[in-house]
Amino acid sequence: MKYLWKGNLVDYDGIKIDINDRGYQFGDGIYEYVRVYNGKLFALKEHLDRLENSAKLIDLNLGYTRDEIKGFCEQLIKANDLDSGNVYLQITRGDGIVRNHLYPEFKDQKAVISGFTTHYYRNNERIESGVKAILYPDLRWALCNVKSLNLLPNCMAIAEAHKYGANKAILYKGEYITEERAGNVLIVKDGKVITHPDGPEILPGITKMLILQILKERKMPFEERKFTKDELLNADEVIVSDTKTECCPVIKIGDKVIGDGKRGPVTKKIDDAYKELIVKQCGKVM
Ligand SMILES: Cc1ncc(COP(=O)(O)O)c(C=O)c1O
């Protein structure tokens with residue numbers, strides 16, 4: 001297994017994380033998680049756009065061009081002979097300077113890039129049978145549109161979900177749902193899809209963006225607006241979307257069964273269209 005470390009492919013022992021790395025000390029960095037099907041990167045352009053936007057929002061100098069980053073992903077896929085799975089990329093604001101909240105000026109920042117691949121195939125069982133979720137308070141900061149390394153509230157949310165035998169934690173702020181701790185939430189009511197609009201309260205999910213494009217193209221009704229816990233629990237269908245589990249139905253939240261406890265027709269339609277998109281870009285779904 002090869003890893004990306006400061007722009008080079010190395011073995012595990014070749015990774016030398018500095019104790020003063022700002023990612024290690026402060027979580028001062030960002031990441032991306034790109035799906036690979038059939039050895040090809042899916043929706044790479046959209047992931048690179050988001051990476052650049054995350055960097056911009058926190059004044060982080062990425063230090064590498066889009067083409068260089070694309071090249072790193074392709075090198076990792078080749079070196080690890082990856083047919084299906086993902087590439088994880090992480091960029092911190094630099095290392096080598098003794099711990100100090102104050103970071104260097106933009107032009108002086110020397111980003112530390114690292115990455116690896118994980119091998120897995122599509123989880124058809126989850127995507128077709130659905131998952132259970134809990135509700136959990138959204139304890140995160142005010143810039144959730146940055147794909148930040150600071151994931152402690154997300155870790156706490158999923159740890160709580162596991163105590164209840166659930167594998168999704170849907171986050172709420174006051175009466176409103178924001179997103180899932182690692183995915184966006186879409187609900188279906190009377191045939192219409194409703195999802196939280198992009199902005200600082202949620203991560204602009206690439207999967208959600210692609211789903212909304214699918215809905216638009218197929219003239220299926222949708223609305224981007226906040227929705228309440230009550231609307232979530234009384235929805236006909238609930239979907240959590242993310243790069244790994246794609247368009248995943250939620251069939252139970254706490255004790256409440258959603259719809260008839262099975263994947264609904266709108267979710268299935270979206271999943272079929274999403275699979276077509278994967279085939280178009282990558283040749284096949286894996
Ligand atoms: C908090 C959060 N929201 C939404 C998403 C979904 O984003 P994407 O569809 O780009 O995977 C993720 C993915 O990791 C996430 O961590």
# chains A, B, ... in the order shown; residues from 1 in each chain; ligands from 1

call {"tool": "residues_around", "arguments": {"residues": "Ile270 of chain A", "least_positions_apart": "2", "cutoff": "9 Å", "atoms": "only C-alpha atoms", "output": "ChimeraX atom specification"}}
result
/A:211,214-215,247,265-268,272-275

call {"tool": "write_last_selection", "arguments": {"atoms": "N, CA and C atoms", "output": "compact mmCIF listing (two decimals), in the first residue's frame"}}
result
# COMPACT_ATOMS: atom_id res chain seq x y z
N ILE A 211 -27.66 14.79 -6.90
CA ILE A 211 -29.07 14.38 -6.79
C ILE A 211 -30.00 15.52 -7.23
N ILE A 214 -30.06 15.71 -10.87
CA ILE A 214 -30.90 14.61 -11.41
C ILE A 214 -32.39 15.03 -11.34
N LEU A 215 -32.78 15.57 -10.17
CA LEU A 215 -34.18 15.96 -9.99
C LEU A 215 -34.59 17.03 -11.01
N CYS A 247 -27.10 7.29 -2.24
CA CYS A 247 -28.45 7.76 -1.92
C CYS A 247 -29.08 6.73 -1.00
N PRO A 265 -40.36 4.91 -3.36
CA PRO A 265 -40.23 4.99 -4.83
C PRO A 265 -39.35 6.16 -5.32
N VAL A 266 -39.40 7.29 -4.62
CA VAL A 266 -38.59 8.44 -5.07
C VAL A 266 -37.11 8.14 -4.84
N THR A 267 -36.81 7.55 -3.68
CA THR A 267 -35.42 7.18 -3.37
C THR A 267 -34.90 6.20 -4.41
N LYS A 268 -35.72 5.24 -4.79
CA LYS A 268 -35.29 4.24 -5.78
C LYS A 268 -35.03 4.91 -7.13
N ASP A 272 -31.50 4.88 -9.11
CA ASP A 272 -31.33 4.38 -10.49
C ASP A 272 -30.63 5.42 -11.36
N ALA A 273 -31.05 6.68 -11.21
CA ALA A 273 -30.45 7.75 -12.02
C ALA A 273 -28.99 7.99 -11.60
N TYR A 274 -28.73 7.87 -10.31
CA TYR A 274 -27.36 8.08 -9.79
C TYR A 274 -26.43 7.00 -10.36
N LYS A 275 -26.93 5.76 -10.41
CA LYS A 275 -26.13 4.66 -10.96
C LYS A 275 -25.82 4.93 -12.44

call {"tool": "residues_around", "arguments": {"residues": "Pro200 of chain A", "least_positions_apart": "3", "cutoff": "10 Å", "atoms": "only C-alpha atoms", "output": "list in words"}}
result
Trp141, Ala142, Leu143, Cys144, Asn145, Val146, Pro197, Leu203 and Pro204 of chain A

call {"tool": "residues_near_ligand", "arguments": {"ligand": "ligand 1", "cutoff": "8 Å", "atoms": "only C-alpha atoms and all ligand atoms", "output": "ChimeraX atom specification"}}
result
/A:33-34,47,144,147,154,179-184,202-209,241-244,246

call {"tool": "write_last_selection", "arguments": {"atoms": "C-alpha atoms", "output": "compact mmCIF listing (two decimals), in the first residue's frame"}}
result
# COMPACT_ATOMS: atom_id res chain seq x y z
CA TYR A 33 -12.96 12.03 -0.01
CA VAL A 34 -13.36 11.05 -3.64
CA HIS A 47 -14.56 17.66 -5.23
CA CYS A 144 -19.78 23.82 8.46
CA LYS A 147 -14.60 20.37 5.00
CA ASN A 154 -19.26 14.18 14.25
CA GLU A 179 -27.56 17.38 8.04
CA GLU A 180 -26.29 13.95 9.00
CA ARG A 181 -22.91 13.82 10.72
CA ALA A 182 -21.30 12.62 7.46
CA GLY A 183 -23.98 13.19 4.87
CA ASN A 184 -26.79 15.48 3.76
CA ILE A 202 -24.03 22.43 6.30
CA LEU A 203 -21.36 20.88 4.12
CA PRO A 204 -22.26 21.38 0.44
CA GLY A 205 -22.35 17.66 -0.34
CA ILE A 206 -21.33 16.61 -3.84
CA THR A 207 -23.79 13.70 -3.76
CA LYS A 208 -26.64 16.04 -2.80
CA MET A 209 -25.62 18.41 -5.60
CA SER A 241 -26.59 11.25 0.76
CA ASP A 242 -22.82 10.94 0.79
CA THR A 243 -19.99 9.87 -1.48
CA LYS A 244 -19.67 6.40 0.05
CA GLU A 246 -24.66 7.40 -2.21

call {"tool": "residues_around", "arguments": {"residues": "Phe116 of chain A", "least_positions_apart": "5", "cutoff": "10 Å", "atoms": "only C-alpha atoms", "output": "list of chain:residue names"}}
result
A:Met1, A:Lys2, A:Tyr3, A:Leu4, A:Trp5, A:Leu9, A:Tyr12, A:Tyr33, A:Phe72, A:Cys73, A:Leu76, A:Ile77, A:Asn80, A:Asn86, A:Val87, A:Tyr88, A:Leu89, A:Gln90

call {"tool": "closest_residue", "arguments": {"among": "A:Gly85, A:Gly261, A:Gly96, A:Gly283", "to": "Tyr24 of chain A", "atoms": "only C-alpha atoms"}}
result
A:Gly96

call {"tool": "closest_residue", "arguments": {"among": "A:Asn61, A:Lys70, A:Asn123, A:Ala157", "to": "Leu48 of chain A", "atoms": "only C-alpha atoms"}}
result
A:Lys70

call {"tool": "select_by_dssp", "arguments": {"residues": "segment 2-112 of chain A", "states": "helix (DSSP H, G or I)", "output": "ChimeraX atom specification"}}
result
/A:12-14,22-26,44-57,66-79,106-108

call {"tool": "write_last_selection", "arguments": {"atoms": "N, CA and C atoms", "output": "mmCIF file, in the first residue's frame"}}
result
data_model
loop_
_atom_site.group_PDB
_atom_site.id
_atom_site.type_symbol
_atom_site.label_atom_id
_atom_site.label_comp_id
_atom_site.auth_asym_id
_atom_site.auth_seq_id
_atom_site.Cartn_x
_atom_site.Cartn_y
_atom_site.Cartn_z
ATOM 1 N N TYR A 12 4.272 3.168 4.220
ATOM 2 C CA TYR A 12 3.779 3.655 5.524
ATOM 3 C C TYR A 12 4.917 4.248 6.369
ATOM 4 N N ASP A 13 6.053 3.571 6.371
ATOM 5 C CA ASP A 13 7.180 4.035 7.187
ATOM 6 C C ASP A 13 7.791 5.336 6.668
ATOM 7 N N GLY A 14 7.440 5.703 5.465
ATOM 8 C CA GLY A 14 7.985 6.938 4.881
ATOM 9 C C GLY A 14 7.209 8.177 5.303
ATOM 10 N N ARG A 22 0.297 21.667 11.941
ATOM 11 C CA ARG A 22 -0.886 22.410 12.394
ATOM 12 C C ARG A 22 -2.157 21.547 12.337
ATOM 13 N N GLY A 23 -2.125 20.544 11.478
ATOM 14 C CA GLY A 23 -3.269 19.619 11.439
ATOM 15 C C GLY A 23 -3.309 18.817 12.719
ATOM 16 N N TYR A 24 -2.152 18.368 13.142
ATOM 17 C CA TYR A 24 -2.042 17.565 14.353
ATOM 18 C C TYR A 24 -2.330 18.411 15.599
ATOM 19 N N GLN A 25 -1.808 19.627 15.654
ATOM 20 C CA GLN A 25 -1.984 20.474 16.842
ATOM 21 C C GLN A 25 -3.366 21.110 16.961
ATOM 22 N N PHE A 26 -3.881 21.586 15.814
ATOM 23 C CA PHE A 26 -5.119 22.397 15.878
ATOM 24 C C PHE A 26 -6.263 21.873 15.001
ATOM 25 N N LEU A 44 -14.744 14.225 -9.793
ATOM 26 C CA LEU A 44 -13.506 14.856 -9.301
ATOM 27 C C LEU A 44 -13.566 16.379 -9.385
ATOM 28 N N LYS A 45 -14.099 16.892 -10.486
ATOM 29 C CA LYS A 45 -14.143 18.351 -10.661
ATOM 30 C C LYS A 45 -14.869 19.004 -9.469
ATOM 31 N N GLU A 46 -16.011 18.416 -9.114
ATOM 32 C CA GLU A 46 -16.816 18.969 -8.023
ATOM 33 C C GLU A 46 -16.060 18.884 -6.692
ATOM 34 N N HIS A 47 -15.328 17.793 -6.474
ATOM 35 C CA HIS A 47 -14.564 17.658 -5.231
ATOM 36 C C HIS A 47 -13.414 18.669 -5.184
ATOM 37 N N LEU A 48 -12.779 18.900 -6.332
ATOM 38 C CA LEU A 48 -11.684 19.879 -6.353
ATOM 39 C C LEU A 48 -12.228 21.299 -6.154
ATOM 40 N N ASP A 49 -13.388 21.562 -6.722
ATOM 41 C CA ASP A 49 -14.027 22.883 -6.503
ATOM 42 C C ASP A 49 -14.262 23.087 -5.007
ATOM 43 N N ARG A 50 -14.777 22.047 -4.352
ATOM 44 C CA ARG A 50 -15.083 22.195 -2.919
ATOM 45 C C ARG A 50 -13.808 22.326 -2.102
ATOM 46 N N LEU A 51 -12.771 21.575 -2.490
ATOM 47 C CA LEU A 51 -11.497 21.679 -1.764
ATOM 48 C C LEU A 51 -10.974 23.116 -1.846
ATOM 49 N N GLU A 52 -11.034 23.687 -3.048
ATOM 50 C CA GLU A 52 -10.547 25.063 -3.219
ATOM 51 C C GLU A 52 -11.400 26.044 -2.417
ATOM 52 N N ASN A 53 -12.701 25.769 -2.394
ATOM 53 C CA ASN A 53 -13.576 26.666 -1.633
ATOM 54 C C ASN A 53 -13.337 26.552 -0.132
ATOM 55 N N SER A 54 -13.107 25.318 0.358
ATOM 56 C CA SER A 54 -12.794 25.136 1.781
ATOM 57 C C SER A 54 -11.534 25.924 2.130
ATOM 58 N N ALA A 55 -10.511 25.826 1.263
ATOM 59 C CA ALA A 55 -9.238 26.514 1.506
ATOM 60 C C ALA A 55 -9.465 28.020 1.568
ATOM 61 N N LYS A 56 -10.260 28.507 0.610
ATOM 62 C CA LYS A 56 -10.528 29.949 0.535
ATOM 63 C C LYS A 56 -11.231 30.450 1.805
ATOM 64 N N LEU A 57 -12.184 29.653 2.281
ATOM 65 C CA LEU A 57 -12.972 30.086 3.443
ATOM 66 C C LEU A 57 -12.135 30.202 4.718
ATOM 67 N N ARG A 66 -4.738 22.358 -9.200
ATOM 68 C CA ARG A 66 -5.760 21.301 -9.385
ATOM 69 C C ARG A 66 -5.169 20.127 -10.146
ATOM 70 N N ASP A 67 -4.374 20.444 -11.165
ATOM 71 C CA ASP A 67 -3.797 19.355 -11.969
ATOM 72 C C ASP A 67 -2.841 18.509 -11.143
ATOM 73 N N GLU A 68 -2.077 19.176 -10.273
ATOM 74 C CA GLU A 68 -1.163 18.404 -9.411
ATOM 75 C C GLU A 68 -1.960 17.492 -8.477
ATOM 76 N N ILE A 69 -3.025 18.037 -7.895
ATOM 77 C CA ILE A 69 -3.827 17.237 -6.952
ATOM 78 C C ILE A 69 -4.499 16.067 -7.684
ATOM 79 N N LYS A 70 -4.994 16.349 -8.885
ATOM 80 C CA LYS A 70 -5.590 15.268 -9.700
ATOM 81 C C LYS A 70 -4.532 14.201 -9.971
ATOM 82 N N GLY A 71 -3.331 14.647 -10.302
ATOM 83 C CA GLY A 71 -2.224 13.720 -10.564
ATOM 84 C C GLY A 71 -1.923 12.857 -9.344
ATOM 85 N N PHE A 72 -1.946 13.446 -8.145
ATOM 86 C CA PHE A 72 -1.681 12.662 -6.916
ATOM 87 C C PHE A 72 -2.739 11.559 -6.762
ATOM 88 N N CYS A 73 -3.995 11.930 -7.015
ATOM 89 C CA CYS A 73 -5.081 10.940 -6.878
ATOM 90 C C CYS A 73 -4.866 9.800 -7.860
ATOM 91 N N GLU A 74 -4.528 10.151 -9.097
ATOM 92 C CA GLU A 74 -4.343 9.118 -10.121
ATOM 93 C C GLU A 74 -3.142 8.227 -9.800
ATOM 94 N N GLN A 75 -2.076 8.849 -9.285
ATOM 95 C CA GLN A 75 -0.894 8.053 -8.903
ATOM 96 C C GLN A 75 -1.246 7.049 -7.805
ATOM 97 N N LEU A 76 -2.033 7.508 -6.824
ATOM 98 C CA LEU A 76 -2.421 6.626 -5.712
ATOM 99 C C LEU A 76 -3.251 5.440 -6.221
ATOM 100 N N ILE A 77 -4.189 5.731 -7.117
ATOM 101 C CA ILE A 77 -5.059 4.671 -7.661
ATOM 102 C C ILE A 77 -4.216 3.633 -8.388
ATOM 103 N N LYS A 78 -3.261 4.139 -9.171
ATOM 104 C CA LYS A 78 -2.406 3.239 -9.959
ATOM 105 C C LYS A 78 -1.500 2.419 -9.034
ATOM 106 N N ALA A 79 -0.841 3.115 -8.112
ATOM 107 C CA ALA A 79 0.126 2.423 -7.248
ATOM 108 C C ALA A 79 -0.564 1.354 -6.392
ATOM 109 N N PHE A 106 -0.571 34.206 4.214
ATOM 110 C CA PHE A 106 -0.951 33.307 3.118
ATOM 111 C C PHE A 106 0.254 32.924 2.251
ATOM 112 N N LYS A 107 1.045 33.915 1.829
ATOM 113 C CA LYS A 107 2.145 33.630 0.889
ATOM 114 C C LYS A 107 3.241 32.778 1.530
ATOM 115 N N ASP A 108 3.328 32.792 2.856
ATOM 116 C CA ASP A 108 4.387 32.035 3.535
ATOM 117 C C ASP A 108 3.936 30.641 3.988
#

call {"tool": "residues_around", "arguments": {"residues": "Arg93 of chain A", "least_positions_apart": "3", "cutoff": "10 Å", "atoms": "only C-alpha atoms", "output": "CSV table (one decimal) with N, CA and C atoms, in the first residue's frame"}}
result
chain,number,residue,atom,x,y,z
A,21,ASP,N,3.0,19.8,13.3
A,21,ASP,CA,2.0,20.0,12.1
A,21,ASP,C,0.7,20.6,12.6
A,22,ARG,N,0.3,21.7,11.9
A,22,ARG,CA,-0.9,22.4,12.4
A,22,ARG,C,-2.2,21.5,12.3
A,23,GLY,N,-2.1,20.5,11.5
A,23,GLY,CA,-3.3,19.6,11.4
A,23,GLY,C,-3.3,18.8,12.7
A,26,PHE,N,-3.9,21.6,15.8
A,26,PHE,CA,-5.1,22.4,15.9
A,26,PHE,C,-6.3,21.9,15.0
A,27,GLY,N,-6.0,20.8,14.3
A,27,GLY,CA,-7.0,20.4,13.3
A,27,GLY,C,-7.1,21.5,12.2
A,28,ASP,N,-6.0,22.2,12.0
A,28,ASP,CA,-5.9,23.3,11.0
A,28,ASP,C,-5.7,22.8,9.6
A,29,GLY,N,-6.7,22.3,9.0
A,29,GLY,CA,-6.6,21.7,7.7
A,29,GLY,C,-7.9,21.2,7.2
A,30,ILE,N,-7.9,20.8,5.9
A,30,ILE,CA,-9.1,20.3,5.3
A,30,ILE,C,-8.9,19.0,4.6
A,55,ALA,N,-10.5,25.8,1.3
A,55,ALA,CA,-9.2,26.5,1.5
A,55,ALA,C,-9.5,28.0,1.6
A,58,ILE,N,-11.0,29.5,4.8
A,58,ILE,CA,-10.2,29.6,6.0
A,58,ILE,C,-8.8,30.2,5.7
A,59,ASP,N,-8.7,30.8,4.5
A,59,ASP,CA,-7.4,31.5,4.1
A,59,ASP,C,-6.2,30.6,4.1
A,60,LEU,N,-6.4,29.4,3.6
A,60,LEU,CA,-5.3,28.4,3.6
A,60,LEU,C,-4.8,28.3,2.2
A,61,ASN,N,-3.4,28.4,2.1
A,61,ASN,CA,-2.7,28.3,0.9
A,61,ASN,C,-2.5,26.8,0.5
A,62,LEU,N,-3.3,26.3,-0.5
A,62,LEU,CA,-3.3,24.9,-0.9
A,62,LEU,C,-1.9,24.5,-1.3
A,63,GLY,N,-1.2,25.4,-2.0
A,63,GLY,CA,0.2,25.1,-2.4
A,63,GLY,C,0.3,24.2,-3.6
A,103,TYR,N,-1.1,31.8,12.5
A,103,TYR,CA,-0.5,31.1,11.4
A,103,TYR,C,0.2,32.1,10.4
A,104,PRO,N,1.2,31.6,9.6
A,104,PRO,CA,1.9,32.4,8.7
A,104,PRO,C,1.0,33.1,7.7
A,106,PHE,N,-0.6,34.2,4.2
A,106,PHE,CA,-1.0,33.3,3.1
A,106,PHE,C,0.3,32.9,2.3
A,109,GLN,N,2.7,30.3,3.8
A,109,GLN,CA,2.2,29.0,4.2
A,109,GLN,C,2.7,27.9,3.3
A,110,LYS,N,3.1,26.8,3.9
A,110,LYS,CA,3.6,25.6,3.2
A,110,LYS,C,2.8,24.4,3.5
A,111,ALA,N,1.7,24.2,2.7
A,111,ALA,CA,0.8,23.2,3.0
A,111,ALA,C,1.4,21.8,3.1
A,112,VAL,N,0.9,20.9,4.0
A,112,VAL,CA,1.3,19.5,4.0
A,112,VAL,C,0.2,18.7,3.4
A,113,ILE,N,0.5,18.0,2.3
A,113,ILE,CA,-0.5,17.2,1.7
A,113,ILE,C,-0.2,15.7,2.0

call {"tool": "residues_around", "arguments": {"residues": "Leu232 of chain A", "least_positions_apart": "6", "cutoff": "12 Å", "atoms": "only C-alpha atoms", "output": "VMD selection string"}}
result
chain A and resid 133 to 135 170 to 172 175 to 179 185 to 189 193 to 196 226 238 to 240 250 to 254 256 to 259

call {"tool": "decode", "arguments": {"residues": "segment 61-93 of chain A", "atoms": "N, CA and C atoms", "output": "PDB file, in the first residue's frame"}}
result
ATOM      1  N   ASN A  61      -3.440  28.360   2.139  1.00  0.00           N
ATOM      2  CA  ASN A  61      -2.749  28.283   0.852  1.00  0.00           C
ATOM      3  C   ASN A  61      -2.548  26.813   0.488  1.00  0.00           C
ATOM      4  N   LEU A  62      -3.312  26.341  -0.494  1.00  0.00           N
ATOM      5  CA  LEU A  62      -3.254  24.914  -0.859  1.00  0.00           C
ATOM      6  C   LEU A  62      -1.862  24.501  -1.338  1.00  0.00           C
ATOM      7  N   GLY A  63      -1.196  25.416  -2.026  1.00  0.00           N
ATOM      8  CA  GLY A  63       0.191  25.148  -2.439  1.00  0.00           C
ATOM      9  C   GLY A  63       0.333  24.193  -3.608  1.00  0.00           C
ATOM     10  N   TYR A  64      -0.763  23.618  -4.104  1.00  0.00           N
ATOM     11  CA  TYR A  64      -0.710  22.717  -5.257  1.00  0.00           C
ATOM     12  C   TYR A  64      -1.829  23.108  -6.217  1.00  0.00           C
ATOM     13  N   THR A  65      -1.576  22.936  -7.509  1.00  0.00           N
ATOM     14  CA  THR A  65      -2.610  23.256  -8.492  1.00  0.00           C
ATOM     15  C   THR A  65      -3.612  22.095  -8.550  1.00  0.00           C
ATOM     16  N   ARG A  66      -4.738  22.358  -9.200  1.00  0.00           N
ATOM     17  CA  ARG A  66      -5.760  21.301  -9.385  1.00  0.00           C
ATOM     18  C   ARG A  66      -5.169  20.127 -10.146  1.00  0.00           C
ATOM     19  N   ASP A  67      -4.374  20.444 -11.165  1.00  0.00           N
ATOM     20  CA  ASP A  67      -3.797  19.355 -11.969  1.00  0.00           C
ATOM     21  C   ASP A  67      -2.841  18.509 -11.143  1.00  0.00           C
ATOM     22  N   GLU A  68      -2.077  19.176 -10.273  1.00  0.00           N
ATOM     23  CA  GLU A  68      -1.163  18.404  -9.411  1.00  0.00           C
ATOM     24  C   GLU A  68      -1.960  17.492  -8.477  1.00  0.00           C
ATOM     25  N   ILE A  69      -3.025  18.037  -7.895  1.00  0.00           N
ATOM     26  CA  ILE A  69      -3.827  17.237  -6.952  1.00  0.00           C
ATOM     27  C   ILE A  69      -4.499  16.067  -7.684  1.00  0.00           C
ATOM     28  N   LYS A  70      -4.994  16.349  -8.885  1.00  0.00           N
ATOM     29  CA  LYS A  70      -5.590  15.268  -9.700  1.00  0.00           C
ATOM     30  C   LYS A  70      -4.532  14.201  -9.971  1.00  0.00           C
ATOM     31  N   GLY A  71      -3.331  14.647 -10.302  1.00  0.00           N
ATOM     32  CA  GLY A  71      -2.224  13.720 -10.564  1.00  0.00           C
ATOM     33  C   GLY A  71      -1.923  12.857  -9.344  1.00  0.00           C
ATOM     34  N   PHE A  72      -1.946  13.446  -8.145  1.00  0.00           N
ATOM     35  CA  PHE A  72      -1.681  12.662  -6.916  1.00  0.00           C
ATOM     36  C   PHE A  72      -2.739  11.559  -6.762  1.00  0.00           C
ATOM     37  N   CYS A  73      -3.995  11.930  -7.015  1.00  0.00           N
ATOM     38  CA  CYS A  73      -5.081  10.940  -6.878  1.00  0.00           C
ATOM     39  C   CYS A  73      -4.866   9.800  -7.860  1.00  0.00           C
ATOM     40  N   GLU A  74      -4.528  10.151  -9.097  1.00  0.00           N
ATOM     41  CA  GLU A  74      -4.343   9.118 -10.121  1.00  0.00           C
ATOM     42  C   GLU A  74      -3.142   8.227  -9.800  1.00  0.00           C
ATOM     43  N   GLN A  75      -2.076   8.849  -9.285  1.00  0.00           N
ATOM     44  CA  GLN A  75      -0.894   8.053  -8.903  1.00  0.00           C
ATOM     45  C   GLN A  75      -1.246   7.049  -7.805  1.00  0.00           C
ATOM     46  N   LEU A  76      -2.033   7.508  -6.824  1.00  0.00           N
ATOM     47  CA  LEU A  76      -2.421   6.626  -5.712  1.00  0.00           C
ATOM     48  C   LEU A  76      -3.251   5.440  -6.221  1.00  0.00           C
ATOM     49  N   ILE A  77      -4.189   5.731  -7.117  1.00  0.00           N
ATOM     50  CA  ILE A  77      -5.059   4.671  -7.661  1.00  0.00           C
ATOM     51  C   ILE A  77      -4.216   3.633  -8.388  1.00  0.00           C
ATOM     52  N   LYS A  78      -3.261   4.139  -9.171  1.00  0.00           N
ATOM     53  CA  LYS A  78      -2.406   3.239  -9.959  1.00  0.00           C
ATOM     54  C   LYS A  78      -1.500   2.419  -9.034  1.00  0.00           C
ATOM     55  N   ALA A  79      -0.841   3.115  -8.112  1.00  0.00           N
ATOM     56  CA  ALA A  79       0.126   2.423  -7.248  1.00  0.00           C
ATOM     57  C   ALA A  79      -0.564   1.354  -6.392  1.00  0.00           C
ATOM     58  N   ASN A  80      -1.822   1.622  -6.000  1.00  0.00           N
ATOM     59  CA  ASN A  80      -2.530   0.674  -5.125  1.00  0.00           C
ATOM     60  C   ASN A  80      -3.485  -0.231  -5.906  1.00  0.00           C
ATOM     61  N   ASP A  81      -3.433  -0.111  -7.220  1.00  0.00           N
ATOM     62  CA  ASP A  81      -4.229  -0.968  -8.091  1.00  0.00           C
ATOM     63  C   ASP A  81      -5.705  -0.955  -7.651  1.00  0.00           C
ATOM     64  N   LEU A  82      -6.225   0.232  -7.446  1.00  0.00           N
ATOM     65  CA  LEU A  82      -7.573   0.372  -6.868  1.00  0.00           C
ATOM     66  C   LEU A  82      -8.652   0.292  -7.950  1.00  0.00           C
ATOM     67  N   ASP A  83      -9.519  -0.712  -7.855  1.00  0.00           N
ATOM     68  CA  ASP A  83     -10.625  -0.770  -8.813  1.00  0.00           C
ATOM     69  C   ASP A  83     -11.850  -0.034  -8.263  1.00  0.00           C
ATOM     70  N   SER A  84     -12.100  -0.168  -6.942  1.00  0.00           N
ATOM     71  CA  SER A  84     -13.277   0.451  -6.338  1.00  0.00           C
ATOM     72  C   SER A  84     -12.961   0.838  -4.893  1.00  0.00           C
ATOM     73  N   GLY A  85     -13.430   1.977  -4.468  1.00  0.00           N
ATOM     74  CA  GLY A  85     -13.152   2.449  -3.104  1.00  0.00           C
ATOM     75  C   GLY A  85     -13.082   3.965  -3.112  1.00  0.00           C
ATOM     76  N   ASN A  86     -12.087   4.519  -2.416  1.00  0.00           N
ATOM     77  CA  ASN A  86     -11.976   5.968  -2.404  1.00  0.00           C
ATOM     78  C   ASN A  86     -10.525   6.423  -2.229  1.00  0.00           C
ATOM     79  N   VAL A  87     -10.330   7.673  -2.605  1.00  0.00           N
ATOM     80  CA  VAL A  87      -9.064   8.351  -2.314  1.00  0.00           C
ATOM     81  C   VAL A  87      -9.365   9.379  -1.227  1.00  0.00           C
ATOM     82  N   TYR A  88      -8.592   9.355  -0.153  1.00  0.00           N
ATOM     83  CA  TYR A  88      -8.704  10.353   0.913  1.00  0.00           C
ATOM     84  C   TYR A  88      -7.515  11.292   0.779  1.00  0.00           C
ATOM     85  N   LEU A  89      -7.783  12.597   0.769  1.00  0.00           N
ATOM     86  CA  LEU A  89      -6.722  13.601   0.657  1.00  0.00           C
ATOM     87  C   LEU A  89      -6.851  14.575   1.803  1.00  0.00           C
ATOM     88  N   GLN A  90      -5.743  14.912   2.410  1.00  0.00           N
ATOM     89  CA  GLN A  90      -5.771  15.847   3.543  1.00  0.00           C
ATOM     90  C   GLN A  90      -4.703  16.918   3.332  1.00  0.00           C
ATOM     91  N   ILE A  91      -5.064  18.148   3.619  1.00  0.00           N
ATOM     92  CA  ILE A  91      -4.096  19.238   3.463  1.00  0.00           C
ATOM     93  C   ILE A  91      -4.104  20.083   4.735  1.00  0.00           C
ATOM     94  N   THR A  92      -2.967  20.171   5.394  1.00  0.00           N
ATOM     95  CA  THR A  92      -2.900  21.008   6.590  1.00  0.00           C
ATOM     96  C   THR A  92      -2.127  22.288   6.265  1.00  0.00           C
ATOM     97  N   ARG A  93      -2.198  23.245   7.188  1.00  0.00           N
ATOM     98  CA  ARG A  93      -1.609  24.559   6.912  1.00  0.00           C
ATOM     99  C   ARG A  93      -0.091  24.572   7.099  1.00  0.00           C
TER     100      ARG A  93
END
